[in-house]
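Down below is the structure, laid out as structure tokens.
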Amino acid sequence: MKISDDQLEKLLAAQSPQEVKNLLVQRRLVPSLAQANKLRQRLSDLQGAHRTIRLGIVHTYTSELIEPWLHFCAALNQISVELYHAPYGVTLQEATADSGLAAHNPDVTLLLLTREDLHPALRTASACIPLAEKQGINDVLRQDLNNLVRRYRDNLAGHIIVTVLPNPMPPGLGLFDSMAANSETHWWNELKASLASDVRENFNGVSYLDMDQLAMQVGQDNFFDMRLWYSSSYPFTPDGALAVSNSVTSIAASLLLTKAKVIVLDADNTLWGGVIGEDGMKGIALGPDYPGRVYVDFQKRLLSLQQRGFILALCSKNNPEDVDEVLRAHPHQLLKHEHFAAQRVNWLPKPDNLIALAQELNLGLDSFIFVDDSDYECAAVRHGLAEVEVVQVPSRTAEIPTCLDTLVRLEITSLTKEDFEKTAMYVQERLRNSQRKALTETGGSVEDYLESLNMKMSIGLDDISIVQRLAQLTQKTNQFNLTTRRYDEKEIAEKISNPDTSVFHFSITDNFGDSGVVGLAIVDRESDIAARLDTFLMSCRVIGRMAEHAFLYTITRNLQSRGVKALSADYIRTRKNGLAETFLPDNGFCQTEDDRYVRNLLVSVDTLKNCFPIDIEGP
């Protein structure tokens, strides 16, 4: 929908880039280029200096005309972009170490391909290709695209986004296509799923962006400009350019911005319509009819976000018994007690409750997204806890289910086993804390509590199969992290394959469950007898269980067995990692004049084994 003068004034009066983005997406507004330039200036005034991402574009159709939209959407997503457009159609030449693209040193490389680029057979009408030949075409096409992506992955750092332009024409068999044995739609959907699977399974730091999905959201006729396509080999209308640019810059921004970890939700007029304490179980809006259906759909969306690896928490001013009854007994309530990693249902100020939730979850407030309908509560959190991102529930009820869809910090580029199980892991931690409290209240010590857990640590070395999780740890871990050096999947994979670098990781199990992979150490061999601890980190979920000491002990034993006599390390102070400040001196490292720490591995480390009640399996 085009933007009227009144709507433009409202957008220009917005107080944050996120507010502008919400209005555009939820109202399906598309600015003209002149309006986008005005809005971009307003976004610049609101945000100040943006963090910059270098974006390289390799294309077999015209890409320069999308550039203004990329700059605009980058500003919407609170970054800026430095762009490089490769020469037209030189796809293979740019996938080399001495190309113009490599000289640009992109943080993100965008491949704009067409179906015709994938296989010569796709240059003809799909309906004319015999069904018997399609499997052979698929095999060749997949192999060729894999080879192309591998060339880019091997020669370029940064993230890679692969796209294939949809067919602007309807299926050749028309309305019968969905029923045909030789269906073009079915063939392409199956082939596209295979391409996405290949990207996921074969490469690190590569995403497949489904342009068919974008065209479906915008509408095929609104996505393509056939006049420009035929005259200039540029396919997009303003609607299409906005959709593509927003998706690309959202992925780019998600790699750069602080990762969100927790979605904290109000209850009344957020998870359901109405006030449970006043309206009662039968009076709140929650069910198959309007407006209750809106809140059911919002809860479905929240469950999907939980599957992306974000944990949910509840923060409501209410009588606990009333909220408990809804979570347990309402027939249309999808979110139950077990879906929330932590809850605060009381009459305390919400900023105080958010601080308590952060302490319970052992997470920083800057990883929180707070969702509430109240003007007062949203303002109180914005004023009292500036690091918390606040999302006010839209006043238009129909916009509630998608109110979190525009948040870049909720976009992901990979999913790990730990992401799926995160809520259960936090529930396990709550049970551990309950056991600890019960033991100490009856006179037991912390040592007694740790012994009672029956912990077992499994330490692995140079495991390429979990490279996504290892990269994720470097990007998300802040509190117990000696250096906070960030690495992407490609960089971690390169370290694993480097014979002079050792990449250790650990997981830990106890009476309550398995933590998943929660610790990482990267050790660089500097000489036959010296090594450097480049990275040493551990997830906040296992802080307080002496796991860091057991992990370091095993690493030093391993290095000793390989002839290393001295291990150096750094502690690089940040605003968040004060917890790790004394870790190195506490474990036998001596500080040198240049502020580096060094430990003599000729001195036996066996005495440290008594510091932790953990059985260890490892190299």
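Residue names in the structure tokens use chain letters A, B, ... in the order shown, residue numbers from 1 in each chain, and ligand numbers from 1 in the order shown.
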
Name all residues at most 12 Å from A:Lys38 (count only C-alpha atoms; drop same-chain ones fewer than 2 positions away) and give them as an MDAnalysis selection string. chainID A and resid 8:9 11:13 31:36 40:45 68 72 75

Contacts of A:Phe512 within 9 Å, only C-alpha atoms, excl. fewer than 3 positions in-chain, as a PyMOL selection string: chain A and resi 425+428-429+431-432+453+509

Same residues, N, CA, C and O atoms, output as an mmCIF file, in the first residue's frame:
data_model
loop_
_atom_site.group_PDB
_atom_site.id
_atom_site.type_symbol
_atom_site.label_atom_id
_atom_site.label_comp_id
_atom_site.auth_asym_id
_atom_site.auth_seq_id
_atom_site.Cartn_x
_atom_site.Cartn_y
_atom_site.Cartn_z
ATOM 1 N N MET A 425 16.386 -27.133 29.760
ATOM 2 C CA MET A 425 17.643 -26.981 30.486
ATOM 3 C C MET A 425 17.522 -25.945 31.603
ATOM 4 O O MET A 425 18.083 -26.114 32.685
ATOM 5 N N GLN A 428 15.641 -27.531 34.394
ATOM 6 C CA GLN A 428 16.558 -28.375 35.169
ATOM 7 C C GLN A 428 17.385 -27.538 36.138
ATOM 8 O O GLN A 428 17.623 -27.938 37.286
ATOM 9 N N GLU A 429 17.813 -26.362 35.683
ATOM 10 C CA GLU A 429 18.612 -25.497 36.550
ATOM 11 C C GLU A 429 17.788 -25.014 37.741
ATOM 12 O O GLU A 429 18.312 -24.898 38.859
ATOM 13 N N LEU A 431 15.499 -26.748 39.194
ATOM 14 C CA LEU A 431 15.461 -27.886 40.113
ATOM 15 C C LEU A 431 16.782 -28.023 40.877
ATOM 16 O O LEU A 431 16.795 -28.349 42.073
ATOM 17 N N ARG A 432 17.896 -27.762 40.198
ATOM 18 C CA ARG A 432 19.196 -27.802 40.885
ATOM 19 C C ARG A 432 19.234 -26.764 42.006
ATOM 20 O O ARG A 432 19.710 -27.045 43.113
ATOM 21 N N LEU A 453 25.120 -33.899 42.980
ATOM 22 C CA LEU A 453 24.661 -33.827 41.600
ATOM 23 C C LEU A 453 25.151 -34.990 40.743
ATOM 24 O O LEU A 453 24.574 -35.274 39.690
ATOM 25 N N THR A 509 26.596 -33.698 32.318
ATOM 26 C CA THR A 509 25.336 -34.290 32.749
ATOM 27 C C THR A 509 25.349 -34.427 34.269
ATOM 28 O O THR A 509 26.407 -34.488 34.899
#

With only C-alpha atoms as the basis for distance, which of A:Ile572, A:Lys490, A:Ser374, A:Asp212 is at the shortest distance from A:Asp107?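 Checking each candidate against A:Asp107, we get A:Lys490 as the closest.
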
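The protein and nucleic acid residues lying at most 10 Å from A:Ile543 are A:Asn362, A:Gln479, A:Phe480, A:Met538, A:Ser539, A:Cys540, A:Arg541, A:Arg545, A:Met546, A:Ala547, A:Glu548, A:Leu579, with only C-alpha atoms considered and sequence neighbours fewer than 2 positions away removed.
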
Okay, now the selection with all heavy atoms, as a tab-separated table (two decimals), in the first residue's frame?
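See again_0.tsv below for the written result:
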chain	number	residue	atom	x	y	z
A	362	ASN	N	20.39	-16.06	35.23
A	362	ASN	CA	21.83	-15.79	35.10
A	362	ASN	C	22.15	-15.24	33.70
A	362	ASN	O	23.12	-15.65	33.06
A	362	ASN	CB	22.65	-17.04	35.38
A	362	ASN	CG	24.05	-16.71	35.85
A	362	ASN	OD1	24.38	-15.55	36.11
A	362	ASN	ND2	24.90	-17.71	35.95
A	479	GLN	N	29.32	-13.60	29.96
A	479	GLN	CA	29.67	-13.47	31.37
A	479	GLN	C	30.94	-14.24	31.72
A	479	GLN	O	31.88	-13.66	32.28
A	479	GLN	CB	28.51	-13.94	32.25
A	479	GLN	CG	27.29	-13.06	32.12
A	479	GLN	CD	26.20	-13.50	33.08
A	479	GLN	OE1	26.29	-13.36	34.30
A	479	GLN	NE2	25.13	-14.07	32.54
A	480	PHE	N	30.98	-15.53	31.40
A	480	PHE	CA	32.21	-16.29	31.64
A	480	PHE	C	32.90	-16.49	30.30
A	480	PHE	O	32.74	-17.52	29.64
A	480	PHE	CB	31.96	-17.62	32.34
A	480	PHE	CG	33.21	-18.16	32.97
A	480	PHE	CD1	33.48	-17.93	34.30
A	480	PHE	CD2	34.16	-18.83	32.22
A	480	PHE	CE1	34.65	-18.39	34.89
A	480	PHE	CE2	35.33	-19.29	32.78
A	480	PHE	CZ	35.58	-19.06	34.13
A	538	MET	N	32.32	-20.34	28.81
A	538	MET	CA	31.37	-21.33	29.34
A	538	MET	C	30.01	-20.67	29.46
A	538	MET	O	29.90	-19.51	29.90
A	538	MET	CB	31.86	-21.82	30.70
A	538	MET	CG	31.01	-22.89	31.35
A	538	MET	SD	31.68	-23.35	32.96
A	538	MET	CE	31.27	-21.88	33.91
A	539	SER	N	28.98	-21.37	29.09
A	539	SER	CA	27.62	-20.85	29.18
A	539	SER	C	27.25	-20.55	30.63
A	539	SER	O	27.66	-21.25	31.56
A	539	SER	CB	26.64	-21.86	28.59
A	539	SER	OG	25.31	-21.49	28.88
A	540	CYS	N	26.43	-19.51	30.78
A	540	CYS	CA	26.00	-19.13	32.12
A	540	CYS	C	25.18	-20.23	32.79
A	540	CYS	O	25.04	-20.24	34.02
A	540	CYS	CB	25.20	-17.83	32.06
A	540	CYS	SG	23.74	-17.94	31.02
A	541	ARG	N	24.63	-21.16	32.01
A	541	ARG	CA	23.78	-22.20	32.59
A	541	ARG	C	24.54	-23.13	33.54
A	541	ARG	O	23.92	-23.77	34.39
A	541	ARG	CB	23.13	-23.05	31.48
A	541	ARG	CG	22.11	-22.33	30.66
A	541	ARG	CD	21.13	-23.31	30.04
A	541	ARG	NE	21.79	-24.37	29.30
A	541	ARG	CZ	22.16	-24.28	28.02
A	541	ARG	NH1	21.95	-23.16	27.37
A	541	ARG	NH2	22.72	-25.28	27.41
A	545	ARG	N	29.18	-24.63	39.13
A	545	ARG	CA	29.33	-26.08	39.31
A	545	ARG	C	30.78	-26.54	39.14
A	545	ARG	O	31.02	-27.73	38.98
A	545	ARG	CB	28.43	-26.82	38.31
A	545	ARG	CG	26.95	-26.74	38.66
A	545	ARG	CD	26.15	-27.70	37.83
A	545	ARG	NE	25.40	-27.03	36.78
A	545	ARG	CZ	24.84	-27.65	35.75
A	545	ARG	NH1	24.95	-28.96	35.63
A	545	ARG	NH2	24.18	-26.97	34.84
A	546	MET	N	31.73	-25.61	39.14
A	546	MET	CA	33.15	-25.91	39.05
A	546	MET	C	33.55	-26.51	37.70
A	546	MET	O	34.64	-27.04	37.54
A	546	MET	CB	33.59	-26.86	40.17
A	546	MET	CG	33.22	-26.40	41.57
A	546	MET	SD	34.00	-24.84	42.00
A	546	MET	CE	35.70	-25.33	42.16
A	547	ALA	N	32.66	-26.41	36.71
A	547	ALA	CA	32.93	-27.01	35.41
A	547	ALA	C	34.12	-26.36	34.72
A	547	ALA	O	34.90	-27.04	34.03
A	547	ALA	CB	31.69	-26.92	34.52
A	548	GLU	N	34.29	-25.04	34.91
A	548	GLU	CA	35.39	-24.35	34.25
A	548	GLU	C	36.75	-24.87	34.73
A	548	GLU	O	37.71	-24.96	33.95
A	548	GLU	CB	35.28	-22.83	34.47
A	548	GLU	CG	35.40	-22.37	35.90
A	548	GLU	CD	34.08	-22.35	36.66
A	548	GLU	OE1	33.19	-23.18	36.34
A	548	GLU	OE2	33.94	-21.52	37.58
A	579	LEU	N	32.93	-11.71	35.94
A	579	LEU	CA	32.88	-13.01	36.62
A	579	LEU	C	34.15	-13.82	36.39
A	579	LEU	O	34.54	-14.64	37.23
A	579	LEU	CB	31.66	-13.77	36.11
A	579	LEU	CG	31.31	-15.10	36.77
A	579	LEU	CD1	30.89	-14.89	38.21
A	579	LEU	CD2	30.18	-15.79	36.00

List as a CSV table (one decimal) with all heavy atoms, in the first residue's frame the protein and nucleic acid residues near A:Ser197, meaning an atom at most 12 Å away when only C-alpha atoms are counted, but skip any in the same chain fewer than 6 places from it.
chain,number,residue,atom,x,y,z
A,142,ARG,N,21.9,-29.8,-8.4
A,142,ARG,CA,22.4,-29.7,-7.0
A,142,ARG,C,23.9,-29.8,-6.9
A,142,ARG,O,24.5,-29.0,-6.1
A,142,ARG,CB,21.7,-30.9,-6.2
A,142,ARG,CG,20.2,-30.7,-6.0
A,142,ARG,CD,19.7,-31.9,-5.3
A,142,ARG,NE,20.2,-32.1,-4.0
A,142,ARG,CZ,19.9,-33.1,-3.2
A,142,ARG,NH1,19.1,-34.1,-3.6
A,142,ARG,NH2,20.4,-33.2,-2.0
A,146,ASN,N,26.2,-26.8,-5.4
A,146,ASN,CA,27.1,-27.1,-4.3
A,146,ASN,C,28.5,-26.7,-4.6
A,146,ASN,O,29.2,-26.1,-3.8
A,146,ASN,CB,27.0,-28.6,-4.0
A,146,ASN,CG,25.9,-28.9,-3.0
A,146,ASN,OD1,26.1,-28.9,-1.8
A,146,ASN,ND2,24.7,-29.1,-3.5
A,190,GLU,N,10.1,-29.3,-4.4
A,190,GLU,CA,11.0,-30.5,-3.9
A,190,GLU,C,12.4,-30.1,-4.2
A,190,GLU,O,13.3,-30.4,-3.3
A,190,GLU,CB,10.6,-31.7,-4.6
A,190,GLU,CG,9.2,-32.3,-4.2
A,190,GLU,CD,8.7,-33.5,-5.0
A,190,GLU,OE1,9.5,-33.9,-5.9
A,190,GLU,OE2,7.6,-34.0,-4.8
A,191,LEU,N,12.7,-29.5,-5.3
A,191,LEU,CA,14.1,-29.2,-5.7
A,191,LEU,C,14.6,-28.1,-4.7
A,191,LEU,O,15.7,-28.2,-4.2
A,191,LEU,CB,14.1,-28.7,-7.1
A,191,LEU,CG,15.5,-28.3,-7.7
A,191,LEU,CD1,16.5,-29.4,-7.5
A,191,LEU,CD2,15.4,-27.9,-9.1
A,203,PHE,N,27.5,-26.8,4.4
A,203,PHE,CA,28.3,-25.6,4.5
A,203,PHE,C,28.1,-24.9,5.9
A,203,PHE,O,27.0,-25.0,6.5
A,203,PHE,CB,27.9,-24.6,3.4
A,203,PHE,CG,28.1,-25.2,2.0
A,203,PHE,CD1,27.0,-25.6,1.3
A,203,PHE,CD2,29.4,-25.3,1.5
A,203,PHE,CE1,27.2,-26.1,0.0
A,203,PHE,CE2,29.6,-25.8,0.2
A,203,PHE,CZ,28.5,-26.2,-0.5
A,206,VAL,N,26.3,-20.4,5.8
A,206,VAL,CA,25.6,-20.1,4.5
A,206,VAL,C,24.1,-20.3,4.7
A,206,VAL,O,23.7,-21.2,5.4
A,206,VAL,CB,26.1,-21.1,3.4
A,206,VAL,CG1,25.3,-20.8,2.1
A,206,VAL,CG2,27.6,-21.1,3.2
A,207,SER,N,23.3,-19.3,4.2
A,207,SER,CA,21.9,-19.3,4.3
A,207,SER,C,21.2,-19.4,3.0
A,207,SER,O,21.8,-18.9,2.0
A,207,SER,CB,21.4,-18.1,5.0
A,207,SER,OG,21.8,-18.0,6.4
A,208,TYR,N,20.1,-20.1,2.9
A,208,TYR,CA,19.3,-20.1,1.7
A,208,TYR,C,18.1,-19.2,2.0
A,208,TYR,O,17.3,-19.5,2.9
A,208,TYR,CB,18.8,-21.5,1.3
A,208,TYR,CG,18.0,-21.5,0.0
A,208,TYR,CD1,18.6,-21.7,-1.2
A,208,TYR,CD2,16.6,-21.4,0.1
A,208,TYR,CE1,17.9,-21.7,-2.4
A,208,TYR,CE2,15.9,-21.4,-1.1
A,208,TYR,CZ,16.5,-21.6,-2.3
A,208,TYR,OH,15.8,-21.6,-3.5
